[in-house]
Amino acid sequence: MYSVINRVRPAHRALAFALRFNANTEGSSCVVTDGRRLSPGVSADVDPLRATSRRFCSRTALTQGLLFRQMFELESSTYTYLLADTQTKEAVIIDPVLETIDRDLKFIQQLGLKLKVAVNTHCHADHITSTGLMKKRLVGLKSAISKFSGASADIHLSEGDKITFGKQYLTVRETPGHTDGCVTLVLGDQSMAFTGDALLIRGCGRTDFQQGCAKTLYQSVHQKIFTLPDECLIYPAHDYLGRTVSTVGEERKFNPRLTKSLEEFVGIMNNLNLPKPKKIDISVPANLVCGVQDI
């Protein structure tokens, strides 16, 4: 740590120590690799995702017996999550991306994990999933997605279903609105929730395509996510500003869209005027067949 901090300017050095101190006081540690250290000449107002080449972030899980890794794909700003039981080494992966399949499989191999399920939180429009190709390279791996997604998979998920890995499990909560097939995956002790595009950090998924409905999304978030404990950690499918995690309590209090009334929220979502995702025409058809056309 000294050799890294010693190379940066005093202001950056102070910030780095502050970040390290804050991480320790939260009862967890964050180890960031491949370029997320502060560097000379990087201004505080530079978009963090453009200023770095972050690949993955590991955070000591608060749940006993859980291994947890948060990984990042730069082009689509997608987070992929890997969870495993530390005793049995059984694991699940959430929202894997085609471009980072080699990284993810190498990581799984290095950690000695047995990947049981690759699950997508919805049918993505901005990237192609690596789930289908992973199945070809890992014997016994099963794919999973919501039964309302319209996509092929080994497991079609419904409200209340459990995805087990060793002594750990994720519970499915249906959270449509961004798409009909959106789900939030909640860790068994409700310490973590993987919200896909339904709830982002200080934002939410758009509702202007793929069966999107602002009213439905508002109800999903308030009824299925905001009812979790305040301290439950929120891990979204994307973040475009370098933020890695939030909490239910924070989003319930500070989310600039979802703290509004239903009518105000619908008005906001109906007037975003966002461009169409660049890869939607190739991503959606591919993701409907698990990411590979011949699966």
# chains A, B, ... in the order shown; residues from 1 in each chain; ligands from 1

$ select_by_dssp --residues "range 70-158 of chain A" --states "strand (DSSP E)" --output "ChimeraX atom specification"
/A:70-73,78-85,90-94,114-119,142-146,155-157

$ select_by_dssp --residues "range 186-288 of chain A" --states "helix (DSSP H, G or I)" --output "PyMOL selection string"
chain A and resi 214-225+248-254+262-269+280-287

$ write_last_selection --atoms "N, CA and C atoms" --output "short mmCIF file (atom, residue, chain, number, x, y, z; two decimals), in the first residue's frame"
data_model
loop_
_atom_site.label_atom_id
_atom_site.label_comp_id
_atom_site.auth_asym_id
_atom_site.auth_seq_id
_atom_site.Cartn_x
_atom_site.Cartn_y
_atom_site.Cartn_z
N ALA A 214 -43.42 2.22 -16.83
CA ALA A 214 -42.96 2.99 -15.68
C ALA A 214 -43.76 2.68 -14.43
N LYS A 215 -45.07 2.57 -14.55
CA LYS A 215 -45.91 2.29 -13.38
C LYS A 215 -45.55 0.94 -12.77
N THR A 216 -45.36 -0.06 -13.63
CA THR A 216 -45.00 -1.40 -13.15
C THR A 216 -43.65 -1.38 -12.45
N LEU A 217 -42.69 -0.67 -13.03
CA LEU A 217 -41.35 -0.61 -12.42
C LEU A 217 -41.41 0.05 -11.05
N TYR A 218 -42.12 1.14 -10.93
CA TYR A 218 -42.27 1.84 -9.65
C TYR A 218 -42.83 0.90 -8.59
N GLN A 219 -43.87 0.18 -8.94
CA GLN A 219 -44.49 -0.74 -7.99
C GLN A 219 -43.55 -1.89 -7.63
N SER A 220 -42.81 -2.39 -8.62
CA SER A 220 -41.85 -3.47 -8.37
C SER A 220 -40.80 -3.06 -7.36
N VAL A 221 -40.21 -1.90 -7.57
CA VAL A 221 -39.14 -1.44 -6.69
C VAL A 221 -39.67 -1.20 -5.28
N HIS A 222 -40.81 -0.54 -5.17
CA HIS A 222 -41.34 -0.20 -3.85
C HIS A 222 -41.85 -1.44 -3.10
N GLN A 223 -42.40 -2.40 -3.82
CA GLN A 223 -42.98 -3.57 -3.16
C GLN A 223 -41.99 -4.72 -2.96
N LYS A 224 -41.01 -4.85 -3.85
CA LYS A 224 -40.13 -6.02 -3.80
C LYS A 224 -38.71 -5.72 -3.36
N ILE A 225 -38.26 -4.47 -3.51
CA ILE A 225 -36.88 -4.12 -3.14
C ILE A 225 -36.85 -3.20 -1.92
N VAL A 248 -30.45 -0.43 0.44
CA VAL A 248 -31.89 -0.17 0.34
C VAL A 248 -32.24 1.15 1.01
N GLY A 249 -31.69 1.37 2.20
CA GLY A 249 -31.97 2.59 2.93
C GLY A 249 -31.56 3.84 2.17
N GLU A 250 -30.37 3.80 1.56
CA GLU A 250 -29.90 4.94 0.77
C GLU A 250 -30.82 5.22 -0.40
N GLU A 251 -31.15 4.18 -1.16
CA GLU A 251 -31.96 4.39 -2.35
C GLU A 251 -33.37 4.84 -2.00
N ARG A 252 -33.92 4.31 -0.92
CA ARG A 252 -35.25 4.74 -0.50
C ARG A 252 -35.26 6.22 -0.13
N LYS A 253 -34.12 6.70 0.35
CA LYS A 253 -34.03 8.08 0.81
C LYS A 253 -33.53 9.05 -0.26
N PHE A 254 -32.59 8.60 -1.11
CA PHE A 254 -31.89 9.52 -1.99
C PHE A 254 -32.12 9.31 -3.49
N LEU A 262 -45.82 8.29 -7.65
CA LEU A 262 -45.98 7.46 -8.85
C LEU A 262 -46.21 8.33 -10.08
N GLU A 263 -47.05 9.33 -9.97
CA GLU A 263 -47.36 10.19 -11.11
C GLU A 263 -46.12 10.95 -11.57
N GLU A 264 -45.34 11.46 -10.62
CA GLU A 264 -44.13 12.18 -10.98
C GLU A 264 -43.12 11.24 -11.64
N PHE A 265 -43.00 10.04 -11.10
CA PHE A 265 -42.07 9.05 -11.66
C PHE A 265 -42.43 8.72 -13.10
N VAL A 266 -43.70 8.46 -13.36
CA VAL A 266 -44.15 8.14 -14.72
C VAL A 266 -43.83 9.30 -15.66
N GLY A 267 -44.04 10.52 -15.20
CA GLY A 267 -43.72 11.68 -16.03
C GLY A 267 -42.24 11.77 -16.35
N ILE A 268 -41.39 11.50 -15.36
CA ILE A 268 -39.95 11.51 -15.58
C ILE A 268 -39.55 10.45 -16.60
N MET A 269 -40.03 9.23 -16.41
CA MET A 269 -39.63 8.12 -17.27
C MET A 269 -40.15 8.27 -18.70
N ILE A 280 -28.77 -3.20 -29.32
CA ILE A 280 -30.05 -3.85 -29.06
C ILE A 280 -30.46 -4.81 -30.17
N ASP A 281 -30.17 -4.46 -31.43
CA ASP A 281 -30.62 -5.28 -32.56
C ASP A 281 -29.89 -6.62 -32.64
N ILE A 282 -28.71 -6.70 -32.05
CA ILE A 282 -28.00 -7.98 -32.05
C ILE A 282 -28.06 -8.66 -30.68
N SER A 283 -28.13 -7.86 -29.62
CA SER A 283 -28.10 -8.42 -28.27
C SER A 283 -29.39 -9.15 -27.92
N VAL A 284 -30.54 -8.54 -28.17
CA VAL A 284 -31.80 -9.16 -27.77
C VAL A 284 -32.03 -10.49 -28.48
N PRO A 285 -31.90 -10.57 -29.82
CA PRO A 285 -32.09 -11.88 -30.47
C PRO A 285 -31.12 -12.94 -29.95
N ALA A 286 -29.86 -12.54 -29.71
CA ALA A 286 -28.89 -13.51 -29.21
C ALA A 286 -29.23 -13.95 -27.78
N ASN A 287 -29.65 -13.01 -26.95
CA ASN A 287 -29.94 -13.34 -25.57
C ASN A 287 -31.22 -14.18 -25.42
#

$ closest_residue --among "A:Ala118, A:Leu133, A:Leu105, A:Val186" --to "Thr227 in chain A" --atoms "only C-alpha atoms"
A:Val186

$ residues_around --residues "range 81-95 of chain A" --least-positions-apart "3" --cutoff "9 Å" --atoms "only C-alpha atoms" --output "ChimeraX atom specification"
/A:64-72,78,104,108,111-122,124,129-131,163-168,194,196,235,237

$ atom_distance --atom1 "CA of Tyr240 in chain A" --atom2 "CA of Met192 in chain A"
20.6 Å

$ closest_residue --among "A:Leu157, A:Leu272, A:Cys232, A:Leu170" --to "Asp208 in chain A" --atoms "only C-alpha atoms"
A:Leu272

$ decode --residues "range 110-121 of chain A" --atoms "C-alpha atoms" --output "PDB file, in the first residue's frame"
ATOM      1  CA  GLN A 110      -8.157 -20.195 -10.002  1.00  0.00           C
ATOM      2  CA  LEU A 111     -10.534 -20.154  -7.026  1.00  0.00           C
ATOM      3  CA  GLY A 112     -11.332 -23.857  -7.473  1.00  0.00           C
ATOM      4  CA  LEU A 113     -15.060 -23.246  -7.811  1.00  0.00           C
ATOM      5  CA  LYS A 114     -17.764 -25.531  -9.207  1.00  0.00           C
ATOM      6  CA  LEU A 115     -20.126 -23.301 -11.148  1.00  0.00           C
ATOM      7  CA  LYS A 116     -23.676 -24.638 -10.899  1.00  0.00           C
ATOM      8  CA  VAL A 117     -25.875 -21.910 -12.369  1.00  0.00           C
ATOM      9  CA  ALA A 118     -25.382 -18.929 -14.671  1.00  0.00           C
ATOM     10  CA  VAL A 119     -28.343 -16.604 -14.237  1.00  0.00           C
ATOM     11  CA  ASN A 120     -29.384 -13.459 -16.081  1.00  0.00           C
ATOM     12  CA  THR A 121     -31.482 -10.875 -14.272  1.00  0.00           C
TER      13      THR A 121
END
